[in-house]
Amino acid sequence: MRTIEVFQLLQRKVLVTRESASIVRDAIDSSVKSDGGVNLDFTGIDAMTPSFVDEIIGMIDDARAASDRREVRVVFMHTPTSLSTKFLAIGKRHRTTMSESGSVWEMTNVGA
Amino acid sequence: MLGMQIQAPTRFVHAGDLDPKSASEDPRRPNFSDRSLDIDLRDCEFIQPAAVLWCVTYALLAAQRSTTCRLLVPENLGVAIYLKSIDLFKILQENGVEVDDRGVGGRPAGILPITRFSTESEVEKIANEARDRLTTAGVGAANLYSVVAEVFAELAMNAVQHAHSEIGAVGLIQFYQSDAGERFVCAVADGGIGIRRSLESNEDLRGRATYDWTAIELALEEGISGTGSSRRGIGLFGVAEDMAMPGRQLIVHSGIGLLRTIGGTGSEATRSSVRFPGTLVSASIPT
């Protein structure tokens, strides 16, 4: 799976808006289409909001639907924050199972 | 011209501490404009960010109504210097509020002085600047810097997206040291429609957001949003979750609803005798 280095693309440490998230859309699309999943590396990122994460998972939803895959695997590496209830709530809305091991979040996004 | 004087108490934590007889007028009302206003902090010996942001919000709204508005500076020089350091006097003076701060010296502004914003891109820029200043200042526990930045960003985004405030929003982040310990405080306020009216724009919530206090409680639940979108309604829920850890405190004051929690307990909002003309949220995080 392709690894997207988020800080290299966004050049900011605190990720807040949905608009910021849109910068990684093309990279997510092509990785999901070709590899059935994507790694997002958050090295250099200090904080991210639920809105930002929701937008990213929404993009993964869209990319999965466009690729005709039933399931895609997503890994967030070197996350700046723990996988707390607010992020789990986002995953639930997107039919995405989320788990955490160290600073790695693993997600499986499943279509309807 | 009718004169109006709001006298702050000696210990001013939030707007609910004000005398309801003097502070209940709503400066968002169009007919507020035929008054002159004094916000009197002269006797104030102690003031917290939630109270400071009430001063800003109330004064900016009043000034917007062409009201002749003055802030009377605390006689306690330490309190006056603190308020100057967080740019209270500057932001008010820049917006037509009279502040006589002669003889009040300055000191470094801390993490984020009172900052006004109205767009999402401004919020992201300010959150990143605040995060850099936390690192530069090196105060408190470094592992909390991310939480502080996240909480500030969420509160600020809520204000920008949902408040419909004619004065935009204001926020600050400060680090405090006292005998009780060290803590970060993030506070954001707006002069907008308030949580109840925001939730009422979602038809499904209209029957549940009956009062300001029930609307505040509702807004802290997962997935509750005035937009009706299934992709919204995580922001305030997430902040409340972050503030549920031991020692962390949350104040939400919107209209006449007021909620104070400590470590997640006390999650029943009450009726406040004083109306906040918009919404204020203050989060306090011990280090």
# chains A, B, ... in the order shown; residues from 1 in each chain; ligands from 1
>>> select_by_dssp(residues="stretch 2-111 of chain A", states="strand (DSSP E)", output="PyMOL selection string")
chain A and resi 3-5+14-15+37-41+47-48+71-77+96-101+104-110
>>> interface_residues(of="chain A", to="chain B", cutoff="10 Å", atoms="only C-alpha atoms", output="JSON, numbers by chain")
{"A": [12, 13, 14, 15, 16, 17, 18, 19, 20, 45, 46, 47, 48, 49, 50, 51, 54, 55, 58, 80, 81, 84, 85, 86, 87, 89, 90, 93, 94]}
>>> closest_atom_pairs(of="stretch 5-101 of chain B", to="stretch 165-177 of chain B", cutoff="9 Å", atoms="only C-alpha atoms", output="JSON lines")
{"residue": "B:Arg28", "atom": "CA", "partner": "B:Glu166", "partner_atom": "CA", "distance": 9.0}
{"residue": "B:Pro49", "atom": "CA", "partner": "B:Leu172", "partner_atom": "CA", "distance": 7.7}
{"residue": "B:Leu53", "atom": "CA", "partner": "B:Val170", "partner_atom": "CA", "distance": 7.3}
{"residue": "B:Val56", "atom": "CA", "partner": "B:Val170", "partner_atom": "CA", "distance": 8.0}
{"residue": "B:Thr57", "atom": "CA", "partner": "B:Val170", "partner_atom": "CA", "distance": 7.9}
{"residue": "B:Leu60", "atom": "CA", "partner": "B:Ile167", "partner_atom": "CA", "distance": 6.8}
{"residue": "B:Leu61", "atom": "CA", "partner": "B:Ile167", "partner_atom": "CA", "distance": 6.7}
{"residue": "B:Gln64", "atom": "CA", "partner": "B:Ile167", "partner_atom": "CA", "distance": 7.9}
{"residue": "B:Ile86", "atom": "CA", "partner": "B:Leu172", "partner_atom": "CA", "distance": 8.1}
>>> write_last_selection(atoms="N, CA and C atoms", output="tab-separated table (two decimals), in the first residue's frame")
chain	number	residue	atom	x	y	z
B	28	ARG	N	-27.56	42.19	21.73
B	28	ARG	CA	-27.84	41.79	20.34
B	28	ARG	C	-29.14	42.42	19.85
B	49	PRO	N	-10.65	33.72	32.38
B	49	PRO	CA	-10.89	33.90	30.95
B	49	PRO	C	-12.36	33.93	30.53
B	53	LEU	N	-13.84	37.03	28.42
B	53	LEU	CA	-14.49	36.94	27.09
B	53	LEU	C	-15.93	37.45	27.13
B	56	VAL	N	-15.47	41.13	26.49
B	56	VAL	CA	-15.20	41.40	25.07
B	56	VAL	C	-16.49	41.30	24.26
B	57	THR	N	-17.19	40.19	24.43
B	57	THR	CA	-18.39	39.93	23.63
B	57	THR	C	-19.44	41.01	23.87
B	60	LEU	N	-18.21	44.46	22.47
B	60	LEU	CA	-18.19	44.53	21.00
B	60	LEU	C	-19.61	44.58	20.43
B	61	LEU	N	-20.51	43.81	21.02
B	61	LEU	CA	-21.91	43.85	20.55
B	61	LEU	C	-22.52	45.23	20.80
B	64	GLN	N	-21.19	47.72	18.44
B	64	GLN	CA	-21.80	47.47	17.12
B	64	GLN	C	-23.13	48.20	17.00
B	86	ILE	N	-3.16	40.31	27.89
B	86	ILE	CA	-3.92	39.42	27.01
B	86	ILE	C	-4.70	40.21	25.95
>>> closest_residue(among="B:Leu218, B:Ile6, B:Leu155, B:Ile251", to="B:Asp19", atoms="only C-alpha atoms")
B:Ile6
>>> atom_distance(atom1="atom CA of A:Met107", atom2="atom CA of A:Gly44")
21.1 Å
>>> select_by_dssp(residues="chain A", states="alpha helix (DSSP H)", output="PyMOL selection string")
chain A and resi 6-10+18-21+25-35+50-67+85-93
>>> write_last_selection(atoms="C-alpha atoms", output="mmCIF file, in the first residue's frame")
data_model
loop_
_atom_site.group_PDB
_atom_site.id
_atom_site.type_symbol
_atom_site.label_atom_id
_atom_site.label_comp_id
_atom_site.auth_asym_id
_atom_site.auth_seq_id
_atom_site.Cartn_x
_atom_site.Cartn_y
_atom_site.Cartn_z
ATOM 1 C CA VAL A 6 0.619 14.070 5.531
ATOM 2 C CA PHE A 7 2.946 16.764 6.850
ATOM 3 C CA GLN A 8 4.849 16.865 3.574
ATOM 4 C CA LEU A 9 1.610 17.618 1.730
ATOM 5 C CA LEU A 10 -0.003 20.026 4.196
ATOM 6 C CA ARG A 18 -12.161 19.675 6.079
ATOM 7 C CA GLU A 19 -10.673 21.862 3.373
ATOM 8 C CA SER A 20 -7.146 20.995 4.564
ATOM 9 C CA ALA A 21 -7.995 17.329 4.368
ATOM 10 C CA ARG A 25 -7.829 13.310 -1.727
ATOM 11 C CA ASP A 26 -6.078 12.447 -4.995
ATOM 12 C CA ALA A 27 -3.389 10.431 -3.229
ATOM 13 C CA ILE A 28 -6.034 8.461 -1.293
ATOM 14 C CA ASP A 29 -8.092 7.851 -4.425
ATOM 15 C CA SER A 30 -5.238 6.406 -6.418
ATOM 16 C CA SER A 31 -3.894 4.267 -3.564
ATOM 17 C CA VAL A 32 -7.291 2.759 -2.765
ATOM 18 C CA LYS A 33 -7.944 2.111 -6.435
ATOM 19 C CA SER A 34 -4.598 0.427 -7.101
ATOM 20 C CA ASP A 35 -3.790 -1.223 -3.753
ATOM 21 C CA PRO A 50 -12.488 15.089 14.500
ATOM 22 C CA SER A 51 -13.618 17.158 11.495
ATOM 23 C CA PHE A 52 -10.303 16.547 9.751
ATOM 24 C CA VAL A 53 -10.429 12.800 10.482
ATOM 25 C CA ASP A 54 -14.065 12.597 9.397
ATOM 26 C CA GLU A 55 -13.199 14.190 6.075
ATOM 27 C CA ILE A 56 -10.324 11.749 5.516
ATOM 28 C CA ILE A 57 -12.514 8.728 6.251
ATOM 29 C CA GLY A 58 -15.215 10.199 4.018
ATOM 30 C CA MET A 59 -12.665 10.310 1.198
ATOM 31 C CA ILE A 60 -11.827 6.674 1.841
ATOM 32 C CA ASP A 61 -15.549 5.863 1.637
ATOM 33 C CA ASP A 62 -15.744 7.644 -1.699
ATOM 34 C CA ALA A 63 -12.583 6.006 -3.038
ATOM 35 C CA ARG A 64 -13.793 2.548 -2.014
ATOM 36 C CA ALA A 65 -17.178 3.082 -3.646
ATOM 37 C CA ALA A 66 -15.523 4.330 -6.841
ATOM 38 C CA SER A 67 -13.170 1.349 -6.929
ATOM 39 C CA THR A 85 -14.287 7.884 21.810
ATOM 40 C CA LYS A 86 -14.762 10.901 19.550
ATOM 41 C CA PHE A 87 -12.691 9.302 16.793
ATOM 42 C CA LEU A 88 -14.350 5.912 17.289
ATOM 43 C CA ALA A 89 -17.720 7.657 16.877
ATOM 44 C CA ILE A 90 -16.575 8.939 13.498
ATOM 45 C CA GLY A 91 -15.508 5.466 12.426
ATOM 46 C CA LYS A 92 -18.892 4.059 13.430
ATOM 47 C CA ARG A 93 -20.686 6.518 11.150
#
>>> residues_around(residues="stretch 196-208 of chain B", least_positions_apart="4", cutoff="9 Å", atoms="only C-alpha atoms", output="number ranges by chain")
B: 162-164, 212-216, 218-219, 224-228, 254-255
>>> write_last_selection(atoms="C-alpha atoms", output="PDB file, in the first residue's frame")
ATOM      1  CA  HIS B 162     -22.707  27.609  13.917  1.00  0.00           C
ATOM      2  CA  ALA B 163     -22.857  30.961  15.744  1.00  0.00           C
ATOM      3  CA  HIS B 164     -23.870  33.392  12.964  1.00  0.00           C
ATOM      4  CA  ASP B 212     -30.951  27.028  26.771  1.00  0.00           C
ATOM      5  CA  TRP B 213     -29.933  24.566  29.499  1.00  0.00           C
ATOM      6  CA  THR B 214     -31.425  21.518  27.787  1.00  0.00           C
ATOM      7  CA  ALA B 215     -29.857  22.638  24.493  1.00  0.00           C
ATOM      8  CA  ILE B 216     -26.409  22.741  26.134  1.00  0.00           C
ATOM      9  CA  LEU B 218     -28.033  18.022  24.112  1.00  0.00           C
ATOM     10  CA  ALA B 219     -25.100  19.645  22.303  1.00  0.00           C
ATOM     11  CA  ILE B 224     -26.041  16.289  17.761  1.00  0.00           C
ATOM     12  CA  SER B 225     -25.885  19.147  15.276  1.00  0.00           C
ATOM     13  CA  GLY B 226     -28.123  21.931  14.058  1.00  0.00           C
ATOM     14  CA  THR B 227     -27.101  21.073  10.509  1.00  0.00           C
ATOM     15  CA  GLY B 228     -28.907  17.713  10.542  1.00  0.00           C
ATOM     16  CA  SER B 254     -25.192  30.104  26.181  1.00  0.00           C
ATOM     17  CA  GLY B 255     -28.178  32.383  26.607  1.00  0.00           C
TER      18      GLY B 255
END
>>> residues_around(residues="B:Val139", least_positions_apart="2", cutoff="10 Å", atoms="only C-alpha atoms", output="short mmCIF file (atom, residue, chain, number, x, y, z; two decimals) with C-alpha atoms, in the first residue's frame")
data_model
loop_
_atom_site.label_atom_id
_atom_site.label_comp_id
_atom_site.auth_asym_id
_atom_site.auth_seq_id
_atom_site.Cartn_x
_atom_site.Cartn_y
_atom_site.Cartn_z
CA GLY B 110 1.37 34.28 27.08
CA ILE B 111 0.28 31.57 24.67
CA ARG B 133 3.96 29.33 20.89
CA LEU B 134 3.32 26.46 23.33
CA THR B 135 6.54 24.82 22.17
CA THR B 136 8.47 28.08 22.37
CA ALA B 137 7.12 28.90 25.84
CA ALA B 141 3.40 19.35 30.41
CA ALA B 142 4.45 19.09 26.75
CA TYR B 145 0.05 20.71 23.92
CA PHE B 175 -1.13 29.12 31.05
CA TYR B 176 -1.68 29.82 34.74
CA GLN B 177 0.42 29.01 37.78
CA GLU B 182 -0.57 24.78 36.84
CA ARG B 183 -3.21 24.71 34.13
CA PHE B 184 -3.95 25.64 30.57
CA THR B 287 -0.85 19.94 33.90
#
>>> atom_distance(atom1="atom CA of B:Gly247", atom2="atom CA of B:Ile81")
28.0 Å
>>> closest_residue(among="A:His78, A:Glu106, A:Asp68, A:Asp41", to="A:Val24", atoms="only C-alpha atoms")
A:Asp41
>>> atom_distance(atom1="atom CA of B:Tyr82", atom2="atom CA of B:Ala51")
13.3 Å
>>> closest_residue(among="B:Pro9, B:Gly181, B:Gly266, B:Pro108", to="B:Glu45", atoms="only C-alpha atoms")
B:Pro9
>>> residues_around(residues="B:Leu250", least_positions_apart="3", cutoff="7 Å", atoms="only C-alpha atoms", output="PDB file with N, CA and C atoms, in the first residue's frame")
ATOM      1  N   MET B 243     -12.615  16.729  28.298  1.00  0.00           N
ATOM      2  CA  MET B 243     -12.669  17.412  29.600  1.00  0.00           C
ATOM      3  C   MET B 243     -13.179  16.510  30.720  1.00  0.00           C
ATOM      4  N   ARG B 260     -21.364  23.688  34.227  1.00  0.00           N
ATOM      5  CA  ARG B 260     -19.987  23.597  34.735  1.00  0.00           C
ATOM      6  C   ARG B 260     -19.720  22.159  35.089  1.00  0.00           C
ATOM      7  N   THR B 261     -18.653  21.598  34.521  1.00  0.00           N
ATOM      8  CA  THR B 261     -18.285  20.231  34.885  1.00  0.00           C
ATOM      9  C   THR B 261     -16.844  20.217  35.383  1.00  0.00           C
ATOM     10  N   ILE B 262     -16.577  19.296  36.286  1.00  0.00           N
ATOM     11  CA  ILE B 262     -15.208  19.067  36.744  1.00  0.00           C
ATOM     12  C   ILE B 262     -14.939  17.580  36.592  1.00  0.00           C
ATOM     13  N   SER B 282     -15.345  27.478  27.930  1.00  0.00           N
ATOM     14  CA  SER B 282     -14.003  27.590  28.515  1.00  0.00           C
ATOM     15  C   SER B 282     -13.589  26.223  29.024  1.00  0.00           C
ATOM     16  N   ALA B 283     -12.402  25.800  28.628  1.00  0.00           N
ATOM     17  CA  ALA B 283     -11.882  24.487  29.036  1.00  0.00           C
ATOM     18  C   ALA B 283     -10.585  24.684  29.803  1.00  0.00           C
ATOM     19  N   SER B 284     -10.514  24.070  30.963  1.00  0.00           N
ATOM     20  CA  SER B 284      -9.353  24.236  31.827  1.00  0.00           C
ATOM     21  C   SER B 284      -8.702  22.881  32.055  1.00  0.00           C
TER      22      SER B 284
END
>>> decode(residues="stretch 30-44 of chain A", atoms="N, CA and C atoms", output="PDB file, in the first residue's frame")
ATOM      1  N   SER A  30      -6.049   7.285  -5.558  1.00  0.00           N
ATOM      2  CA  SER A  30      -5.238   6.406  -6.418  1.00  0.00           C
ATOM      3  C   SER A  30      -4.722   5.207  -5.634  1.00  0.00           C
ATOM      4  N   SER A  31      -4.396   5.395  -4.351  1.00  0.00           N
ATOM      5  CA  SER A  31      -3.894   4.267  -3.564  1.00  0.00           C
ATOM      6  C   SER A  31      -4.988   3.224  -3.320  1.00  0.00           C
ATOM      7  N   VAL A  32      -6.182   3.697  -3.005  1.00  0.00           N
ATOM      8  CA  VAL A  32      -7.291   2.759  -2.765  1.00  0.00           C
ATOM      9  C   VAL A  32      -7.612   1.999  -4.053  1.00  0.00           C
ATOM     10  N   LYS A  33      -7.613   2.727  -5.141  1.00  0.00           N
ATOM     11  CA  LYS A  33      -7.944   2.111  -6.435  1.00  0.00           C
ATOM     12  C   LYS A  33      -6.916   1.034  -6.813  1.00  0.00           C
ATOM     13  N   SER A  34      -5.629   1.361  -6.627  1.00  0.00           N
ATOM     14  CA  SER A  34      -4.598   0.427  -7.101  1.00  0.00           C
ATOM     15  C   SER A  34      -4.249  -0.646  -6.070  1.00  0.00           C
ATOM     16  N   ASP A  35      -4.290  -0.295  -4.781  1.00  0.00           N
ATOM     17  CA  ASP A  35      -3.790  -1.223  -3.753  1.00  0.00           C
ATOM     18  C   ASP A  35      -4.859  -1.738  -2.785  1.00  0.00           C
ATOM     19  N   GLY A  36      -6.053  -1.184  -2.853  1.00  0.00           N
ATOM     20  CA  GLY A  36      -7.094  -1.627  -1.920  1.00  0.00           C
ATOM     21  C   GLY A  36      -6.893  -1.100  -0.511  1.00  0.00           C
ATOM     22  N   GLY A  37      -6.098  -0.075  -0.378  1.00  0.00           N
ATOM     23  CA  GLY A  37      -5.892   0.509   0.942  1.00  0.00           C
ATOM     24  C   GLY A  37      -4.903   1.644   0.880  1.00  0.00           C
ATOM     25  N   VAL A  38      -4.628   2.230   2.039  1.00  0.00           N
ATOM     26  CA  VAL A  38      -3.706   3.360   2.070  1.00  0.00           C
ATOM     27  C   VAL A  38      -3.110   3.504   3.473  1.00  0.00           C
ATOM     28  N   ASN A  39      -1.847   3.918   3.525  1.00  0.00           N
ATOM     29  CA  ASN A  39      -1.214   4.286   4.795  1.00  0.00           C
ATOM     30  C   ASN A  39      -1.091   5.811   4.838  1.00  0.00           C
ATOM     31  N   LEU A  40      -1.489   6.385   5.940  1.00  0.00           N
ATOM     32  CA  LEU A  40      -1.284   7.823   6.136  1.00  0.00           C
ATOM     33  C   LEU A  40      -0.294   7.999   7.279  1.00  0.00           C
ATOM     34  N   ASP A  41       0.827   8.631   6.993  1.00  0.00           N
ATOM     35  CA  ASP A  41       1.863   8.822   8.003  1.00  0.00           C
ATOM     36  C   ASP A  41       1.766  10.241   8.564  1.00  0.00           C
ATOM     37  N   PHE A  42       1.490  10.325   9.867  1.00  0.00           N
ATOM     38  CA  PHE A  42       1.287  11.630  10.508  1.00  0.00           C
ATOM     39  C   PHE A  42       2.537  12.136  11.226  1.00  0.00           C
ATOM     40  N   THR A  43       3.687  11.615  10.855  1.00  0.00           N
ATOM     41  CA  THR A  43       4.927  12.119  11.451  1.00  0.00           C
ATOM     42  C   THR A  43       5.010  13.637  11.243  1.00  0.00           C
ATOM     43  N   GLY A  44       5.313  14.366  12.327  1.00  0.00           N
ATOM     44  CA  GLY A  44       5.419  15.830  12.230  1.00  0.00           C
ATOM     45  C   GLY A  44       4.125  16.546  12.548  1.00  0.00           C
TER      46      GLY A  44
END
